[in-house]
>>> print(open('work-v5.txt').read())   # compact mmCIF, C-alpha atoms and all ligand atoms
# COMPACT_ATOMS: atom_id res chain seq x y z
CA MET N 1 5.26 15.67 -7.05
CA LYS N 2 4.05 14.04 -10.23
CA LYS N 3 0.52 12.65 -10.29
CA ILE N 4 0.44 9.03 -11.30
CA ILE N 5 -3.37 8.86 -11.40
CA ILE N 6 -5.84 11.64 -12.08
CA ALA N 7 -9.49 10.58 -11.96
CA ASP N 8 -11.81 13.38 -13.00
CA HIS N 9 -15.53 13.26 -12.22
CA ILE N 10 -15.87 9.54 -12.75
CA VAL N 11 -19.28 7.93 -12.82
CA LYS N 12 -19.81 4.18 -12.75
CA THR N 13 -23.34 2.91 -13.00
CA PHE N 14 -24.61 -0.58 -12.28
CA GLY N 15 -28.11 -1.95 -12.82
CA GLU N 16 -30.89 -0.93 -15.16
CA GLY N 17 -34.18 0.97 -14.97
CA ASP N 18 -35.38 1.53 -11.40
CA GLU N 19 -32.42 -0.51 -10.14
CA GLN N 20 -29.86 1.79 -11.78
CA ARG N 21 -27.40 3.30 -9.37
CA ASN N 22 -24.23 5.40 -9.53
CA VAL N 23 -21.74 3.33 -7.59
CA LEU N 24 -19.11 5.99 -8.35
CA ASP N 25 -20.99 9.23 -8.29
CA GLY N 26 -18.96 11.80 -10.21
CA MET N 27 -15.97 11.61 -7.92
CA SER N 28 -12.47 12.95 -8.50
CA VAL N 29 -9.21 11.86 -6.94
CA GLU N 30 -5.50 12.22 -7.60
CA ILE N 31 -2.74 9.85 -6.53
CA THR N 32 0.84 11.05 -6.45
CA GLU N 33 3.89 9.02 -7.41
CA SER N 34 5.12 6.95 -4.46
CA GLU N 35 2.09 7.76 -2.31
CA PHE N 36 0.85 5.26 0.30
CA VAL N 37 -2.93 5.51 0.31
CA ALA N 38 -5.81 3.59 1.87
CA VAL N 39 -9.46 3.67 0.84
CA MET N 40 -11.96 3.01 3.63
CA GLY N 41 -15.73 3.14 3.82
CA PRO N 42 -18.79 1.01 4.53
CA SER N 43 -19.51 -2.15 2.60
CA GLY N 44 -20.98 -1.22 -0.78
CA SER N 45 -19.65 2.35 -0.74
CA GLY N 46 -17.72 1.71 -3.98
CA LYS N 47 -14.15 1.09 -2.78
CA SER N 48 -13.40 -1.90 -5.01
CA THR N 49 -15.24 -0.29 -7.92
CA LEU N 50 -12.98 2.75 -7.49
CA MET N 51 -9.88 0.54 -7.51
CA PHE N 52 -11.10 -1.19 -10.69
CA ALA N 53 -11.77 2.19 -12.32
CA LEU N 54 -8.40 3.69 -11.36
CA SER N 55 -6.55 0.67 -12.73
CA GLY N 56 -8.60 0.36 -15.90
CA MET N 57 -9.72 -3.13 -14.83
CA ASP N 58 -13.22 -1.86 -15.45
CA GLY N 59 -14.40 1.09 -17.51
CA VAL N 60 -16.40 4.09 -16.31
CA ASN N 61 -19.64 5.49 -17.75
CA SER N 62 -18.35 9.04 -17.81
CA GLY N 63 -15.40 11.07 -16.63
CA LYS N 64 -11.76 10.42 -17.23
CA VAL N 65 -8.98 8.37 -15.63
CA VAL N 66 -5.44 9.38 -16.60
CA PHE N 67 -2.67 6.98 -15.60
CA ASP N 68 0.85 8.36 -15.91
CA GLY N 69 -0.21 10.65 -18.75
CA ARG N 70 -2.41 8.14 -20.59
CA ASP N 71 -6.19 8.41 -20.66
CA LEU N 72 -7.43 4.93 -19.72
CA THR N 73 -10.92 5.78 -20.99
CA ALA N 74 -9.56 6.42 -24.50
CA ILE N 75 -7.16 3.54 -25.14
CA GLY N 76 -7.95 0.09 -26.56
CA GLU N 77 -8.28 -3.10 -24.53
CA ASN N 78 -4.92 -4.53 -25.72
CA GLU N 79 -3.00 -1.40 -24.79
CA LEU N 80 -4.86 -1.26 -21.50
CA SER N 81 -4.03 -4.85 -20.62
CA ASP N 82 -0.35 -4.28 -21.53
CA LEU N 83 -0.31 -1.21 -19.33
CA ARG N 84 -1.84 -3.12 -16.42
CA ARG N 85 0.63 -5.96 -16.85
CA THR N 86 3.73 -3.80 -17.10
CA GLU N 87 3.01 -0.75 -14.93
CA MET N 88 0.55 -1.89 -12.29
CA GLY N 89 0.56 -4.69 -9.75
CA PHE N 90 -2.49 -6.25 -8.10
CA VAL N 91 -2.84 -8.07 -4.80
CA PHE N 92 -6.20 -9.46 -3.76
CA GLN N 93 -7.51 -11.00 -0.54
CA GLN N 94 -7.06 -14.49 -1.98
CA PRO N 95 -4.28 -14.71 -4.55
CA THR N 96 -5.60 -16.58 -7.56
CA MET N 97 -2.86 -18.97 -8.57
CA LEU N 98 -2.79 -21.94 -10.89
CA LYS N 99 -2.89 -25.29 -9.11
CA ASN N 100 -0.77 -27.11 -11.68
CA LEU N 101 2.17 -24.69 -11.37
CA ASN N 102 4.61 -24.33 -8.50
CA ILE N 103 5.03 -21.08 -6.56
CA LEU N 104 7.90 -19.72 -8.65
CA ASP N 105 6.14 -20.43 -11.96
CA ASN N 106 2.98 -18.76 -10.67
CA ILE N 107 5.01 -15.69 -9.74
CA ILE N 108 6.72 -15.32 -13.10
CA LEU N 109 3.83 -16.34 -15.37
CA PRO N 110 2.23 -12.90 -15.94
CA SER N 111 5.59 -11.18 -16.50
CA MET N 112 6.65 -13.84 -19.01
CA ARG N 113 3.59 -13.35 -21.21
CA GLY N 114 4.81 -11.75 -24.46
CA ASN N 115 8.18 -11.15 -22.84
CA SER N 116 9.91 -14.53 -22.86
CA LYS N 117 13.14 -13.05 -24.26
CA ASN N 118 13.62 -11.46 -20.85
CA ALA N 119 13.10 -14.77 -19.04
CA PRO N 120 16.50 -14.79 -17.25
CA GLN N 121 15.99 -11.27 -15.87
CA ILE N 122 12.40 -12.05 -14.84
CA LEU N 123 13.56 -15.19 -13.05
CA GLU N 124 16.32 -13.30 -11.31
CA LYS N 125 13.95 -10.56 -10.19
CA ALA N 126 11.35 -13.09 -8.97
CA ARG N 127 13.96 -14.97 -6.93
CA ALA N 128 15.28 -11.73 -5.42
CA LEU N 129 11.74 -10.75 -4.44
CA MET N 130 11.05 -14.19 -2.94
CA LYS N 131 14.21 -13.84 -0.87
CA ARG N 132 13.22 -10.39 0.23
CA VAL N 133 9.81 -11.52 1.51
CA GLY N 134 11.23 -14.70 3.05
CA ILE N 135 9.82 -17.41 0.75
CA GLU N 136 12.94 -18.29 -1.23
CA GLU N 137 12.82 -21.89 0.04
CA LEU N 138 9.33 -22.41 -1.36
CA GLU N 139 9.81 -21.99 -5.08
CA LYS N 140 9.16 -25.64 -5.98
CA ARG N 141 6.15 -26.04 -3.65
CA ASP N 142 2.62 -26.45 -4.94
CA ILE N 143 0.32 -23.62 -3.99
CA THR N 144 -1.55 -26.03 -1.70
CA GLN N 145 1.63 -26.70 0.30
CA VAL N 146 2.12 -23.21 1.72
CA SER N 147 0.36 -21.12 4.36
CA GLY N 148 -2.04 -18.25 3.60
CA GLY N 149 0.62 -15.72 4.59
CA GLN N 150 3.22 -17.41 2.37
CA LEU N 151 0.79 -17.50 -0.55
CA GLN N 152 0.06 -13.79 -0.09
CA ARG N 153 3.81 -13.10 -0.09
CA ALA N 154 4.01 -15.00 -3.38
CA GLY N 155 1.12 -12.86 -4.66
CA ILE N 156 3.09 -9.74 -3.76
CA CYS N 157 6.19 -11.08 -5.56
CA ARG N 158 4.03 -11.73 -8.63
CA ALA N 159 2.66 -8.18 -8.47
CA LEU N 160 6.18 -6.73 -8.18
CA THR N 161 8.07 -8.80 -10.73
CA ASN N 162 7.48 -6.23 -13.47
CA SER N 163 8.56 -3.32 -11.23
CA PRO N 164 5.18 -1.57 -11.41
CA LYS N 165 4.65 2.11 -10.68
CA ILE N 166 1.75 1.30 -8.38
CA ILE N 167 0.45 -1.66 -6.42
CA PHE N 168 -3.31 -1.93 -5.93
CA GLY N 169 -4.39 -4.10 -3.00
CA ASP N 170 -8.00 -5.08 -2.31
CA GLU N 171 -8.20 -6.27 1.33
CA PRO N 172 -4.75 -7.86 0.93
CA THR N 173 -4.59 -8.90 4.58
CA GLY N 174 -8.28 -9.80 4.86
CA SER N 175 -7.80 -13.55 5.14
CA LEU N 176 -4.65 -13.54 7.29
CA ASN N 177 -4.10 -13.81 11.03
CA SER N 178 -2.89 -10.64 12.70
CA LYS N 179 0.80 -11.62 12.76
CA SER N 180 0.84 -12.45 9.04
CA ALA N 181 -1.18 -9.31 8.31
CA GLN N 182 1.40 -7.24 10.16
CA GLU N 183 4.22 -8.86 8.19
CA ILE N 184 2.45 -8.25 4.89
CA MET N 185 1.98 -4.60 5.86
CA ASP N 186 5.72 -4.40 6.63
CA ILE N 187 6.34 -5.58 3.08
CA PHE N 188 3.94 -2.98 1.62
CA SER N 189 5.72 -0.29 3.66
CA GLU N 190 9.09 -1.39 2.27
CA ILE N 191 7.78 -1.48 -1.29
CA ASN N 192 6.45 2.03 -0.81
CA ALA N 193 9.70 3.24 0.74
CA ASP N 194 11.43 2.07 -2.46
CA GLY N 195 9.26 4.51 -4.44
CA THR N 196 6.30 2.39 -5.59
CA ALA N 197 2.89 3.93 -4.98
CA VAL N 198 0.57 1.67 -2.96
CA LEU N 199 -3.21 1.97 -2.84
CA LEU N 200 -5.02 -0.39 -0.47
CA VAL N 201 -8.76 -0.90 -0.09
CA THR N 202 -9.44 -1.97 3.48
CA HIS N 203 -11.97 -2.20 6.30
CA ASP N 204 -9.18 -2.58 8.82
CA ALA N 205 -8.04 0.56 10.67
CA LYS N 206 -4.77 -1.24 11.54
CA VAL N 207 -4.01 -1.57 7.83
CA ALA N 208 -5.05 1.99 6.99
CA ALA N 209 -2.97 3.25 9.91
CA ARG N 210 0.20 2.15 8.13
CA THR N 211 -0.50 4.44 5.17
CA GLU N 212 -0.05 8.20 4.83
CA ARG N 213 -3.39 9.25 3.32
CA ILE N 214 -6.77 7.70 3.96
CA LEU N 215 -9.68 8.39 1.63
CA PHE N 216 -13.08 7.79 3.21
CA MET N 217 -15.86 6.80 0.81
CA ARG N 218 -19.59 6.82 1.18
CA ASP N 219 -22.21 6.29 -1.54
CA GLY N 220 -19.72 6.49 -4.38
CA LYS N 221 -17.98 9.65 -3.23
CA ILE N 222 -14.92 10.54 -1.21
CA VAL N 223 -16.46 12.32 1.75
CA SER N 224 -13.29 13.03 3.69
CA GLU N 225 -9.60 12.29 3.91
CA LEU N 226 -6.98 12.05 6.60
CA LYS N 227 -3.25 12.63 6.20
CA LEU N 228 -0.81 10.92 8.52
CA PRO N 229 2.96 11.26 8.82
CA LYS N 230 5.16 8.37 7.71
CA PHE N 231 4.71 5.43 10.11
CA ASP N 232 7.72 5.20 12.43
CA GLY N 233 6.82 1.85 13.95
CA MET N 234 5.82 3.42 17.28
CA ASP N 235 2.65 5.46 17.00
CA MET N 236 0.14 2.77 15.93
CA ASP N 237 -2.42 3.41 18.68
CA ASP N 238 -2.40 7.14 18.01
CA ARG N 239 -2.92 6.58 14.26
CA ILE N 240 -5.76 4.09 14.81
CA GLY N 241 -7.29 6.61 17.23
CA LYS N 242 -7.21 9.37 14.61
CA ILE N 243 -8.84 7.11 12.02
CA THR N 244 -11.54 6.02 14.46
CA VAL N 245 -12.33 9.62 15.43
CA LYS N 246 -12.56 10.59 11.74
CA MET N 247 -14.91 7.68 11.02
CA LEU N 248 -17.14 8.69 13.93
CA GLU N 249 -17.08 12.33 12.79
CA ILE N 250 -18.27 11.49 9.30
CA GLY N 251 -20.56 8.72 10.43
CA ILE N 252 -19.12 5.71 8.64
N1 LIG O 1 -20.63 -5.99 -11.52
C1 LIG O 1 -21.57 -5.44 -10.73
N2 LIG O 1 -22.87 -5.42 -11.09
C2 LIG O 1 -23.82 -4.84 -10.34
N3 LIG O 1 -23.56 -4.23 -9.18
C3 LIG O 1 -22.28 -4.22 -8.75
C4 LIG O 1 -21.22 -4.82 -9.49
N4 LIG O 1 -20.06 -4.64 -8.81
C5 LIG O 1 -20.38 -3.96 -7.69
N5 LIG O 1 -21.71 -3.71 -7.66
C6 LIG O 1 -22.41 -2.98 -6.59
O1 LIG O 1 -21.79 -1.73 -6.43
C7 LIG O 1 -21.74 -1.37 -5.07
C8 LIG O 1 -20.31 -1.08 -4.67
O2 LIG O 1 -19.56 -2.28 -4.72
P1 LIG O 1 -18.04 -2.33 -4.28
O3 LIG O 1 -17.61 -3.75 -4.38
O4 LIG O 1 -17.27 -1.31 -5.00
O5 LIG O 1 -18.16 -1.89 -2.76
P2 LIG O 1 -17.09 -1.94 -1.61
O6 LIG O 1 -17.12 -0.63 -0.94
O7 LIG O 1 -15.78 -2.41 -2.13
O8 LIG O 1 -17.74 -3.03 -0.67
P3 LIG O 1 -17.09 -4.15 0.28
O9 LIG O 1 -16.42 -3.39 1.37
O10 LIG O 1 -18.28 -4.93 0.76
O11 LIG O 1 -16.16 -4.97 -0.55
C9 LIG O 1 -22.38 -2.51 -4.30
O12 LIG O 1 -23.70 -2.17 -4.02
C10 LIG O 1 -22.30 -3.66 -5.26
O13 LIG O 1 -23.35 -4.56 -5.03
>>> encode(input="work-v5.txt", output="C-alpha cells")
Amino acid sequence: MKKIIIADHIVKTFGEGDEQRNVLDGMSVEITESEFVAVMGPSGSGKSTLMFALSGMDGVNSGKVVFDGRDLTAIGENELSDLRRTEMGFVFQQPTMLKNLNILDNIILPSMRGNSKNAPQILEKARALMKRVGIEELEKRDITQVSGGQLQRAGICRALTNSPKIIFGDEPTGSLNSKSAQEIMDIFSEINADGTAVLLVTHDAKVAARTERILFMRDGKIVSELKLPKFDGMDMDDRIGKITVKMLEIGI
C-alpha cells in the first residue's frame, strides 16, 4: 500500500536555553493511504505537536515529512497552505466557525477560497455531506443555534468538502456526550471505509478502539503500537481491553 505520510527522524524543539526541550525527539512514522490510526499518550507527550508536524501546520527543527511524495519541510508557505486546503482535512475538539455566517457558508468557506469558479460543485458536495451526516435541515442556522454534536458534524463536512486524502482529528469527540461521540466515530469510520485516511489524537480508549492502528507516544517518541482488525461493531469491550493492557504494559 502507498504511504501517504513518511516522517523521518523529526525533531521539534520548544523553549530556549535551559528550558529547551525536544517535544518530538527524532521520531519516525509512516501512514498508509486509507489507514485509520489513533495517537495516544499522556498529556504533554507530543501528540498534537506530531499532528501539526505531519500536516505541515507547524514546521520541524530537523528531519523530513513527506506528504504524498512532497517534502513538506522543503516547500514554501503558499504551496503548503494550498496543499493543506486541498488534500488534508482538519477536525478539532471545538470547531472554529465564524459567528456571522450560517452553517452552510461556514462549511463551504475554506473550499471556496481561490476556487470560486467551482462554487456549484462545492455547494453540491457540501449539501451531500450535510445530508450524509444528518444536518441537511440546518444549513441556514447560525452556529449558536445548533448542538455541539451538530456543530462537530458541520466541522466534519467542512473538512471533507475538498475530498481530502487524509483527515486529522485532534480530540474530535472531546467535548461531546458519549452518544454524540459514538455517532461522530461512526462518521469517521464511514469516511475511512470510503478510502480516506483518518488520524485521530485522543485520550479516549473508546475512540482509539474504533481505529485499526494505535500509536502510543511518550516524551516525543512512539514507544509502542497496537494493530487491531477492522471494527465490526461487536467487539468494543475486547478492543478497549487490549488498549488498556498495552497502556499498562508500557506504563502510560
Ligand atoms: N507553541 C509551543 N511553545 C512552547 N511549548 C509548546 C508549544 N506547543 C506545545 N508545547 C509543549 O510541548 C509539549 C507537547 O505538547 P502537545 O500539545 O503536543 O502534547 P499532547 O500530547 O498533545 O498533550 P495533551 O494531551 O495535553 O493535549 C507540552 O509540554 C507543551 O507544553
>>> residues_around(input="work-v5.txt", residues="range 1-8 of chain N", least_positions_apart="4", cutoff="8 Å", atoms="all atoms listed in the file", output="PyMOL selection string")
chain N and resi 26-33+54+63-69
>>> residues_near_ligand(input="work-v5.txt", ligand="ligand LIG 1 (chain O)", cutoff="6 Å", atoms="only C-alpha atoms and all ligand atoms", output="PyMOL selection string")
chain N and resi 14-15+23+42-49
>>> closest_residue(input="work-v5.txt", among="N:Asp25, N:Asp238, N:Glu249, N:Asp18", to="Gly220 in chain N", atoms="only C-alpha atoms")
N:Asp25
>>> atom_distance(input="work-v5.txt", atom1="CA of Gly148 in chain N", atom2="CA of Leu176 in chain N")
6.5 Å
>>> closest_residue(input="work-v5.txt", among="N:Asn177, N:Thr73, N:Ser55, N:Ser62", to="Leu24 in chain N", atoms="all atoms listed in the file")
N:Ser62
